[in-house]
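Peer 1: My structure file my_file-v3.pdb, PDB, C-alpha atoms, is below:
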ATOM      1  CA  MET A  49     113.006 113.369  88.129
ATOM      2  CA  PRO A  50     111.071 110.402  89.541
ATOM      3  CA  GLN A  51     112.077 109.385  93.012
ATOM      4  CA  PRO A  52     113.956 106.060  93.087
ATOM      5  CA  LEU A  53     112.240 103.381  95.129
ATOM      6  CA  ILE A  54     112.883  99.724  95.842
ATOM      7  CA  ALA A  55     110.855  96.780  97.054
ATOM      8  CA  GLY A  56     111.503  93.096  97.699
ATOM      9  CA  LEU A  57     110.220  90.313  95.498
ATOM     10  CA  PRO A  58     109.777  86.755  96.773
ATOM     11  CA  PRO A  59     112.935  84.892  95.719
ATOM     12  CA  ASN A  60     112.945  81.762  93.580
ATOM     13  CA  CYS A  61     109.259  82.074  92.773
ATOM     14  CA  GLU A  62     108.644  79.791  89.808
ATOM     15  CA  LEU A  63     105.694  80.892  87.707
ATOM     16  CA  SER A  64     104.210  78.529  85.154
ATOM     17  CA  ALA A  65     101.883  79.091  82.214
ATOM     18  CA  GLY A  66      98.831  81.131  83.050
ATOM     19  CA  TYR A  67     100.393  83.029  85.895
ATOM     20  CA  ILE A  68     100.396  86.799  85.623
ATOM     21  CA  VAL A  69     102.880  89.406  86.785
ATOM     22  CA  ARG A  70     100.985  92.658  87.188
ATOM     23  CA  ILE A  71     102.539  96.061  87.791
ATOM     24  CA  THR A  72     100.016  98.382  89.304
ATOM     25  CA  ALA A  73      99.455 101.428  91.502
ATOM     26  CA  LEU A  74      97.301 100.864  94.560
ATOM     27  CA  ASP A  75      95.567 103.237  96.890
ATOM     28  CA  PRO A  76      97.419 102.963 100.247
ATOM     29  CA  THR A  77      94.132 103.063 102.151
ATOM     30  CA  THR A  78      91.713 100.999 100.110
ATOM     31  CA  GLY A  79      94.088  98.780  98.127
ATOM     32  CA  LEU A  80      92.180  99.593  94.957
ATOM     33  CA  THR A  81      93.871 100.544  91.723
ATOM     34  CA  VAL A  82      94.435 104.290  91.408
ATOM     35  CA  SER A  83      93.362 105.635  88.050
ATOM     36  CA  GLY A  84      95.423 108.055  86.027
ATOM     37  CA  VAL A  85      98.843 106.559  86.786
ATOM     38  CA  ALA A  86     100.907 106.063  83.627
ATOM     39  CA  LEU A  87     103.489 103.316  83.394
ATOM     40  CA  SER A  88     106.515 103.465  81.158
ATOM     41  CA  ASN A  89     109.836 101.694  80.728
ATOM     42  CA  VAL A  90     108.346  98.559  82.223
ATOM     43  CA  SER A  91     110.965  95.842  82.256
ATOM     44  CA  VAL A  92     110.490  92.336  83.601
ATOM     45  CA  PHE A  93     113.804  90.515  83.850
ATOM     46  CA  VAL A  94     113.349  86.803  84.347
ATOM     47  CA  THR A  95     115.060  83.466  84.242
ATOM     48  CA  ASP A  96     113.320  81.554  81.480
ATOM     49  CA  LEU A  97     113.467  77.975  82.710
ATOM     50  CA  VAL A  98     112.198  76.407  79.501
ATOM     51  CA  GLY A  99     113.620  78.731  76.908
ATOM     52  CA  ASN A 100     110.373  79.729  75.234
ATOM     53  CA  VAL A 101     109.978  83.331  76.337
ATOM     54  CA  GLY A 102     109.814  85.541  73.273
ATOM     55  CA  ASP A 103     110.015  82.576  70.949
ATOM     56  CA  LEU A 104     106.985  82.736  68.677
ATOM     57  CA  THR A 105     107.962  79.860  66.413
ATOM     58  CA  PRO A 106     107.254  76.286  67.432
ATOM     59  CA  MET A 107     110.053  73.851  67.973
ATOM     60  CA  PRO A 108     110.939  71.972  64.726
ATOM     61  CA  LEU A 109     109.588  68.451  64.686
ATOM     62  CA  LEU A 110     112.095  65.669  64.318
ATOM     63  CA  VAL A 111     110.470  63.152  62.005
ATOM     64  CA  PRO A 112     112.000  59.684  61.690
ATOM     65  CA  THR A 113     112.900  58.809  58.152
ATOM     66  CA  ASN A 114     114.074  55.729  56.310
ATOM     67  CA  GLU A 115     116.240  57.666  53.916
ATOM     68  CA  PRO A 116     119.892  56.709  54.018
ATOM     69  CA  VAL A 117     122.086  59.158  55.767
TER
ATOM     70  CA  MET B   7     117.774  75.355  78.691
ATOM     71  CA  ALA B   8     117.395  78.110  81.250
ATOM     72  CA  ARG B   9     118.399  81.577  80.199
ATOM     73  CA  ASP B  10     117.896  85.092  81.497
ATOM     74  CA  VAL B  11     115.735  87.325  79.323
ATOM     75  CA  GLN B  12     114.285  90.805  79.502
ATOM     76  CA  ILE B  13     110.623  91.328  78.700
ATOM     77  CA  ARG B  14     109.482  94.841  77.854
ATOM     78  CA  LEU B  15     105.857  95.765  78.374
ATOM     79  CA  PRO B  16     104.175  98.572  76.444
ATOM     80  CA  ASP B  17     103.705 102.000  77.989
ATOM     81  CA  GLY B  18     100.202 102.697  79.209
ATOM     82  CA  GLY B  19      97.977 103.211  82.171
ATOM     83  CA  ALA B  20      98.371 101.102  85.287
ATOM     84  CA  PRO B  21      98.035  98.206  85.608
ATOM     85  CA  GLN B  22     100.220  96.521  83.024
ATOM     86  CA  SER B  23     100.491  92.731  83.007
ATOM     87  CA  TYR B  24     102.690  89.985  81.682
ATOM     88  CA  GLY B  25     101.025  86.606  81.314
ATOM     89  CA  VAL B  26     103.299  83.593  81.325
ATOM     90  CA  PRO B  27     102.716  81.884  77.964
ATOM     91  CA  ASN B  28     102.025  78.202  77.402
ATOM     92  CA  ALA B  29     104.902  75.765  77.855
ATOM     93  CA  THR B  30     106.879  78.375  79.757
ATOM     94  CA  GLU B  31     108.176  78.737  83.280
ATOM     95  CA  ILE B  32     109.884  81.814  84.610
ATOM     96  CA  ILE B  33     111.463  83.091  87.790
ATOM     97  CA  PRO B  34     111.239  86.887  88.096
ATOM     98  CA  LEU B  35     114.622  88.388  88.906
ATOM     99  CA  ALA B  36     113.917  92.097  88.701
ATOM    100  CA  ILE B  37     111.030  94.282  87.666
ATOM    101  CA  ASN B  38     111.465  97.958  87.004
ATOM    102  CA  ALA B  39     108.915 100.561  85.984
ATOM    103  CA  THR B  40     108.390 104.291  85.975
ATOM    104  CA  PHE B  41     105.157 105.415  87.598
ATOM    105  CA  ASP B  42     103.984 108.829  86.403
ATOM    106  CA  GLY B  43     101.337 110.143  88.751
ATOM    107  CA  THR B  44     100.831 113.488  87.034
ATOM    108  CA  GLY B  45      97.246 112.558  86.310
ATOM    109  CA  ALA B  46      96.724 110.247  89.293
ATOM    110  CA  ALA B  47      93.414 110.394  91.103
ATOM    111  CA  GLY B  48      95.201 110.180  94.440
ATOM    112  CA  SER B  49      98.333 109.042  96.196
ATOM    113  CA  PHE B  50      99.458 105.549  95.288
ATOM    114  CA  VAL B  51     101.825 102.743  96.167
ATOM    115  CA  PRO B  52     103.782 101.144  93.310
ATOM    116  CA  THR B  53     103.019  97.458  93.565
ATOM    117  CA  VAL B  54     103.708  94.170  91.841
ATOM    118  CA  GLU B  55     101.095  91.441  92.062
ATOM    119  CA  ILE B  56     101.596  87.816  91.151
ATOM    120  CA  ILE B  57      98.383  86.128  90.160
ATOM    121  CA  SER B  58      97.921  82.392  89.778
ATOM    122  CA  ASP B  59      96.497  80.678  86.727
ATOM    123  CA  GLY B  60      93.289  80.462  88.730
ATOM    124  CA  GLY B  61      93.102  84.232  89.068
ATOM    125  CA  VAL B  62      94.074  84.328  92.723
ATOM    126  CA  VAL B  63      96.607  86.839  93.973
ATOM    127  CA  ILE B  64      99.397  84.763  95.507
ATOM    128  CA  ALA B  65     101.753  87.638  96.262
ATOM    129  CA  ARG B  66     101.334  91.361  96.497
ATOM    130  CA  VAL B  67     104.555  93.292  96.833
ATOM    131  CA  PRO B  68     104.034  96.953  97.623
ATOM    132  CA  CYS B  69     106.794  99.494  97.639
ATOM    133  CA  GLN B  70     107.284 100.827 101.163
ATOM    134  CA  THR B  71     106.876 104.415 100.029
ATOM    135  CA  THR B  72     103.623 106.104  99.053
ATOM    136  CA  VAL B  73     103.869 108.424  96.060
ATOM    137  CA  ALA B  74     101.796 111.588  96.361
ATOM    138  CA  ALA B  75      99.287 112.431  93.657
ATOM    139  CA  GLY B  76     101.140 114.314  90.951
ATOM    140  CA  GLY B  77     104.443 112.714  91.890
ATOM    141  CA  SER B  78     106.474 110.202  89.968
ATOM    142  CA  ALA B  79     108.664 107.297  90.927
ATOM    143  CA  GLU B  80     110.877 104.712  89.326
ATOM    144  CA  CYS B  81     110.567 101.535  91.322
ATOM    145  CA  THR B  82     112.700  98.411  91.208
ATOM    146  CA  PHE B  83     111.351  95.157  92.580
ATOM    147  CA  ALA B  84     113.908  92.425  93.194
ATOM    148  CA  PRO B  85     114.537  89.721  95.789
ATOM    149  CA  PHE B  86     116.087  90.876  99.053
ATOM    150  CA  LEU B  87     115.652  94.569  98.339
ATOM    151  CA  ARG B  88     114.308  96.555 101.227
ATOM    152  CA  ALA B  89     114.048 100.263 101.799
ATOM    153  CA  ASP B  90     116.071 101.804 104.579
ATOM    154  CA  SER B  91     114.063 102.518 107.710
ATOM    155  CA  GLY B  92     115.299 106.083 107.842
ATOM    156  CA  GLY B  93     116.820 107.843 110.816
ATOM    157  CA  SER B  94     120.385 109.016 110.718
ATOM    158  CA  VAL B  95     121.550 106.193 108.508
ATOM    159  CA  SER B  96     121.381 106.740 104.797
ATOM    160  CA  GLY B  97     122.815 103.461 103.586
ATOM    161  CA  GLN B  98     122.048  99.808 104.095
ATOM    162  CA  GLN B  99     125.512  98.527 104.828
ATOM    163  CA  GLN B 100     128.166 100.364 106.758
ATOM    164  CA  LEU B 101     131.622  99.477 107.955
ATOM    165  CA  GLY B 102     133.799 101.232 110.468
ATOM    166  CA  VAL B 103     137.336 100.264 111.419
ATOM    167  CA  TYR B 104     138.665 100.834 114.920
ATOM    168  CA  HIS B 105     141.541  99.819 117.193
ATOM    169  CA  SER B 106     142.824 100.403 120.687
ATOM    170  CA  ASN B 107     146.250 101.481 121.741
ATOM    171  CA  ALA B 108     148.505  99.018 123.523
ATOM    172  CA  VAL B 109     148.203  99.074 127.282
ATOM    173  CA  THR B 110     149.968  97.204 130.058
ATOM    174  CA  VAL B 111     147.815  94.879 132.111
ATOM    175  CA  SER B 112     148.791  93.449 135.459
ATOM    176  CA  GLY B 113     148.938  89.708 135.889
ATOM    177  CA  SER B 114     145.576  87.948 136.179
ATOM    178  CA  SER B 115     143.801  91.216 135.445
ATOM    179  CA  ASN B 116     141.754  92.633 132.625
ATOM    180  CA  VAL B 117     141.416  95.953 130.903
ATOM    181  CA  VAL B 118     138.448  97.405 129.097
ATOM    182  CA  VAL B 119     139.990  98.911 125.990
ATOM    183  CA  SER B 120     139.334 102.391 124.626
ATOM    184  CA  TRP B 121     138.172 102.383 121.040
ATOM    185  CA  VAL B 122     139.894 104.648 118.512
ATOM    186  CA  TYR B 123     138.415 105.389 115.091
ATOM    187  CA  ASP B 124     140.572 104.442 112.106
ATOM    188  CA  ALA B 125     138.660 104.461 108.840
ATOM    189  CA  GLY B 126     135.370 103.898 107.082
ATOM    190  CA  ASP B 127     131.947 104.860 108.388
ATOM    191  CA  ALA B 128     131.903 106.406 111.844
ATOM    192  CA  VAL B 129     129.287 103.957 113.066
ATOM    193  CA  LEU B 130     130.178 104.303 116.748
ATOM    194  CA  ASP B 131     129.743 107.186 119.134
ATOM    195  CA  LEU B 132     133.040 107.347 121.035
ATOM    196  CA  SER B 133     131.959 109.853 123.699
ATOM    197  CA  ALA B 134     132.749 107.095 126.192
ATOM    198  CA  PRO B 135     135.646 105.337 124.422
ATOM    199  CA  THR B 136     135.486 102.235 126.614
ATOM    200  CA  LEU B 137     131.752 101.805 125.969
ATOM    201  CA  PRO B 138     131.148 102.990 122.413
ATOM    202  CA  THR B 139     127.558 103.046 121.233
ATOM    203  CA  VAL B 140     126.125 102.259 117.825
ATOM    204  CA  THR B 141     124.672 105.317 116.159
ATOM    205  CA  SER B 142     121.768 103.580 114.453
ATOM    206  CA  SER B 143     119.502 100.576 114.798
ATOM    207  CA  GLY B 144     120.218  97.445 112.824
ATOM    208  CA  VAL B 145     121.767  94.033 112.763
ATOM    209  CA  TRP B 146     125.444  94.402 113.483
ATOM    210  CA  PHE B 147     128.445  92.153 113.009
ATOM    211  CA  VAL B 148     131.446  93.071 115.123
ATOM    212  CA  VAL B 149     134.780  91.321 114.915
ATOM    213  CA  CYS B 150     137.743  92.220 117.127
ATOM    214  CA  ASN B 151     141.312  91.098 116.562
ATOM    215  CA  PHE B 152     143.575  91.232 119.578
ATOM    216  CA  GLN B 153     147.119  90.411 120.451
ATOM    217  CA  GLY B 154     149.808  90.727 123.022
ATOM    218  CA  SER B 155     152.942  92.690 122.412
ATOM    219  CA  GLY B 156     156.330  92.793 124.019
ATOM    220  CA  THR B 157     157.609  89.721 125.817
ATOM    221  CA  TRP B 158     155.384  86.699 126.255
ATOM    222  CA  VAL B 159     156.242  83.118 127.061
ATOM    223  CA  SER B 160     154.990  80.182 125.096
ATOM    224  CA  GLY B 161     151.759  78.943 126.630
ATOM    225  CA  ASN B 162     150.799  82.302 128.143
ATOM    226  CA  GLY B 163     147.147  83.073 127.568
ATOM    227  CA  LEU B 164     145.283  86.196 126.551
ATOM    228  CA  GLU B 165     141.491  86.286 126.517
ATOM    229  CA  GLY B 166     139.414  88.615 124.353
ATOM    230  CA  ASP B 167     135.938  89.360 125.671
ATOM    231  CA  LEU B 168     133.572  91.132 123.254
ATOM    232  CA  SER B 169     130.060  91.905 124.409
ATOM    233  CA  THR B 170     127.083  94.124 123.942
ATOM    234  CA  GLN B 171     125.589  95.650 127.042
ATOM    235  CA  LEU B 172     122.031  95.885 128.261
ATOM    236  CA  PRO B 173     119.281  95.600 127.212
ATOM    237  CA  VAL B 174     120.527  92.781 125.013
ATOM    238  CA  LEU B 175     123.621  90.971 126.155
ATOM    239  CA  THR B 176     125.600  89.111 123.541
ATOM    240  CA  ARG B 177     129.025  87.891 124.433
ATOM    241  CA  SER B 178     131.924  86.118 122.761
ATOM    242  CA  LEU B 179     135.041  84.924 124.534
ATOM    243  CA  THR B 180     138.203  83.741 122.850
ATOM    244  CA  THR B 181     141.381  82.610 124.561
ATOM    245  CA  SER B 182     144.614  82.615 122.633
ATOM    246  CA  LEU B 183     147.848  81.064 123.810
ATOM    247  CA  ALA B 184     151.254  82.292 122.780
ATOM    248  CA  ASP B 185     152.825  79.595 120.656
ATOM    249  CA  ASN B 186     156.399  78.538 120.086
ATOM    250  CA  SER B 187     156.788  80.280 116.757
ATOM    251  CA  ALA B 188     155.598  83.764 117.621
ATOM    252  CA  ALA B 189     155.458  83.672 121.409
ATOM    253  CA  VAL B 190     152.766  86.348 121.242
ATOM    254  CA  PRO B 191     149.099  85.429 121.606
ATOM    255  CA  ARG B 192     146.787  86.542 118.833
ATOM    256  CA  GLY B 193     143.093  85.939 118.605
ATOM    257  CA  THR B 194     139.774  86.973 117.121
ATOM    258  CA  THR B 195     136.333  87.182 118.623
ATOM    259  CA  ALA B 196     133.079  88.225 116.991
ATOM    260  CA  ILE B 197     129.395  88.697 117.643
ATOM    261  CA  THR B 198     126.284  89.310 115.588
ATOM    262  CA  ALA B 199     123.531  91.199 117.350
ATOM    263  CA  ALA B 200     120.424  93.251 116.727
ATOM    264  CA  LEU B 201     121.121  96.612 118.332
ATOM    265  CA  THR B 202     119.224  99.827 118.649
ATOM    266  CA  ALA B 203     120.853 103.231 118.471
ATOM    267  CA  GLY B 204     122.643 103.902 121.752
ATOM    268  CA  ASP B 205     123.384 100.288 122.629
ATOM    269  CA  GLN B 206     126.898  99.789 123.938
ATOM    270  CA  LEU B 207     129.803  97.626 122.869
ATOM    271  CA  ARG B 208     132.520  96.531 125.230
ATOM    272  CA  PHE B 209     135.822  94.778 124.577
ATOM    273  CA  ALA B 210     138.031  93.594 127.402
ATOM    274  CA  LEU B 211     141.347  91.769 127.409
ATOM    275  CA  PHE B 212     142.264  89.433 130.239
ATOM    276  CA  ASN B 213     145.923  88.735 130.934
ATOM    277  CA  GLN B 214     146.010  85.132 132.118
ATOM    278  CA  THR B 215     149.640  85.232 133.115
ATOM    279  CA  SER B 216     150.866  86.292 136.539
ATOM    280  CA  PHE B 217     153.036  89.055 135.112
ATOM    281  CA  ASN B 218     152.461  92.456 133.541
ATOM    282  CA  ARG B 219     151.807  92.110 129.822
ATOM    283  CA  ASP B 220     151.197  94.538 126.952
ATOM    284  CA  VAL B 221     147.934  93.919 125.123
ATOM    285  CA  GLN B 222     145.994  95.580 122.361
ATOM    286  CA  MET B 223     142.830  95.348 120.281
ATOM    287  CA  SER B 224     144.770  95.519 117.038
ATOM    288  CA  SER B 225     141.717  96.058 114.859
ATOM    289  CA  ALA B 226     137.950  95.957 115.065
ATOM    290  CA  TYR B 227     135.541  95.843 112.147
ATOM    291  CA  VAL B 228     132.053  97.078 112.971
ATOM    292  CA  MET B 229     129.584  96.285 110.229
ATOM    293  CA  LYS B 230     125.919  97.121 110.036
ATOM    294  CA  LEU B 231     124.455  94.394 107.883
ATOM    295  CA  PHE B 232     121.042  96.007 107.497
ATOM    296  CA  SER B 233     118.743  98.462 109.194
ATOM    297  CA  LEU B 234     115.906  97.602 111.521
TER
END
Would it be possible to restate this file's structure as structure tokens?

Peer 2:
Amino acid sequence: MPQPLIAGLPPNCELSAGYIVRITALDPTTGLTVSGVALSNVSVFVTDLVGNVGDLTPMPLLVPTNEPV
Amino acid sequence: MARDVQIRLPDGGAPQSYGVPNATEIIPLAINATFDGTGAAGSFVPTVEIISDGGVVIARVPCQTTVAAGGSAECTFAPFLRADSGGSVSGQQQLGVYHSNAVTVSGSSNVVVSWVYDAGDAVLDLSAPTLPTVTSSGVWFVVCNFQGSGTWVSGNGLEGDLSTQLPVLTRSLTTSLADNSAAVPRGTTAITAALTAGDQLRFALFNQTSFNRDVQMSSAYVMKLFSL
């Protein structure tokens, strides 16, 4: 049974394209990544401000037309 | 339009990353992961890093607990979460309810009330009932309701005096006057203070009339907002 732990995130931190959220395991002395740690059930719950997260299809283009409605 | 979504990352060795895609903006609300250190090369601290589009770490959020090599942990990262500092307190927020019995106070005199436990968390040590002490360190919010009982005359005053004692003195005074409708003074006084285990509370009632009056701390709510 893994021990349950908690930690604080900075609130209201808006991240735009190109930013990275990295989940890692660091050595408490050196700050370097510790090898051999396996991650599972990784869940990142976010507010998607634009609405594109997970959407792999582009927005449909609205093309003006002269056809009668 | 903004919406809340869950993003699942694949299982694998640490680190695992989520890159914010083009034309997207997100605000992380909660990140959860299971760290299996069975094969870890050493002890480790579960950590979330936020890296800018320029490759610079702009935030590094370590868990406050180090996991020993071979150990495992499930860690949740979310705003305003903070591990308890330990000691005798197991929870973050605690609430104890207290009162004092009614006592008769001479005119123009005060009484330091004796606290009696009612319900909730026993957050006070009542070995000295007139100077109870908090049992753990933290930021505390204390609110005391007081009132007169028996016969009062409209306009008679009763003062509630709530304070912490040395080394940090915080004090709140409230004067309540008996009104025409109830003819019994009722009031509330409250303080917020950072206290360490063993710091004292004190609540006194001052009878502002020139006659004997019955007074009481009808209820007191002692809340530890968070640990220090």

Peer 1: Have a look at atom CA of B:Ala108 and atom CA of B:Gln171 and let me know their distance in Å, one decimal.

Peer 2: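 Rounded to one decimal, the two atoms are 23.4 Å apart.
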
Peer 1: When the PyMOL selection byres ((chain A) within 7 of (chain B)) is applied to the file above, which residues end up in the set, as an MDAnalysis selection string?

Peer 2: chainID A and resid 50:76 82:101

Peer 1: In Å, how far is it from atom CA of B:Asp220 to atom CA of B:Val140?

Peer 2: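 Atom-to-atom, atom CA of B:Asp220 to atom CA of B:Val140, that is 27.8 Å.
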
Peer 1: Name the residues in contact with B:Ser224 at a cut-off of 8 Å, using only C-alpha atoms, excluding same-chain residues fewer than 4 positions from it; report them as a PDB file with C-alpha atoms, in the frame of the given file.

Peer 2:
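Result file is out21.pdb:
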ATOM      1  CA  HIS B 105     141.541  99.819 117.193  1.00  0.00           C
ATOM      2  CA  SER B 106     142.824 100.403 120.687  1.00  0.00           C
ATOM      3  CA  ASN B 107     146.250 101.481 121.741  1.00  0.00           C
ATOM      4  CA  CYS B 150     137.743  92.220 117.127  1.00  0.00           C
ATOM      5  CA  ASN B 151     141.312  91.098 116.562  1.00  0.00           C
ATOM      6  CA  PHE B 152     143.575  91.232 119.578  1.00  0.00           C
ATOM      7  CA  GLN B 153     147.119  90.411 120.451  1.00  0.00           C
TER       8      GLN B 153
END

Peer 1: Quick check, in Å to one decimal: how far apart do atom CA of B:Ser182 and atom CA of B:Leu101 lie?

Peer 2: 25.9 Å

Peer 1: Mind listing whatever residues come within 10 Å of the point (128.9, 104.6, 121.1)? Use only C-alpha atoms, file coordinates, and give them as an mmCIF file with C-alpha atoms, in the coordinates of the input.

Peer 2:
data_model
loop_
_atom_site.group_PDB
_atom_site.id
_atom_site.type_symbol
_atom_site.label_atom_id
_atom_site.label_comp_id
_atom_site.auth_asym_id
_atom_site.auth_seq_id
_atom_site.Cartn_x
_atom_site.Cartn_y
_atom_site.Cartn_z
ATOM 1 C CA TRP B 121 138.172 102.383 121.040
ATOM 2 C CA ALA B 128 131.903 106.406 111.844
ATOM 3 C CA VAL B 129 129.287 103.957 113.066
ATOM 4 C CA LEU B 130 130.178 104.303 116.748
ATOM 5 C CA ASP B 131 129.743 107.186 119.134
ATOM 6 C CA LEU B 132 133.040 107.347 121.035
ATOM 7 C CA SER B 133 131.959 109.853 123.699
ATOM 8 C CA ALA B 134 132.749 107.095 126.192
ATOM 9 C CA PRO B 135 135.646 105.337 124.422
ATOM 10 C CA THR B 136 135.486 102.235 126.614
ATOM 11 C CA LEU B 137 131.752 101.805 125.969
ATOM 12 C CA PRO B 138 131.148 102.990 122.413
ATOM 13 C CA THR B 139 127.558 103.046 121.233
ATOM 14 C CA VAL B 140 126.125 102.259 117.825
ATOM 15 C CA THR B 141 124.672 105.317 116.159
ATOM 16 C CA SER B 142 121.768 103.580 114.453
ATOM 17 C CA ALA B 203 120.853 103.231 118.471
ATOM 18 C CA GLY B 204 122.643 103.902 121.752
ATOM 19 C CA ASP B 205 123.384 100.288 122.629
ATOM 20 C CA GLN B 206 126.898 99.789 123.938
ATOM 21 C CA LEU B 207 129.803 97.626 122.869
ATOM 22 C CA ARG B 208 132.520 96.531 125.230
#

Peer 1: Give as a PyMOL selection string each residue that has an atom at most 12 Å from (118.7, 85.8, 118.0) in the file, counting only C-alpha atoms.

Peer 2: chain B and resi 145-146+174-176+197-201

Peer 1: Determine the residue membership of the PyMOL selection byres ((chain B and resi 125) around 7) for the file above and supply it as a list of chain:residue names.

Peer 2: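 Residues picked by the PyMOL selection byres ((chain B and resi 125) around 7): B:Gly102, B:Val103, B:Tyr123, B:Asp124, B:Gly126, B:Asp127.
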
Peer 1: Set up a box along x, y and z of the file covering all listed atoms of stretch 80-97 of chain A, add 4 Å on every one of the six sides, and write the centre and edge lengths in Å to one decimal, as JSON.

Peer 2:
{"center_x": 103.6, "center_y": 93.0, "center_z": 87.8, "size_x": 30.9, "size_y": 38.1, "size_z": 22.2}

Peer 1: Excluding B:Val190 and its own-chain neighbours fewer than 4 positions away, which residues fall within 10 Å of it when counting all atoms listed in the file? Please give them as a list of chain:residue names.

Peer 2: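 The residues that qualify are B:Gln153, B:Gly154, B:Ser155, B:Gly156, B:Thr157, B:Trp158, B:Val159, B:Ser160, B:Gly161, B:Asn162, B:Gly163, B:Leu164, B:Ser182, B:Leu183, B:Ala184, B:Asp185, B:Asn186, B:Val221.
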
Peer 1: Write out as a list in words which residues come within 6 Å of stretch 210-214 of chain B when counting all atoms listed in the file, dropping same-chain ones fewer than 3 positions away.

Peer 2: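 Contacts, with the query itself left out: Gly113, Ser114, Ser115, Asn116, Val117, Val118, Val119, Gly163, Leu164, Glu165, Gly166 and Asp167 of chain B.
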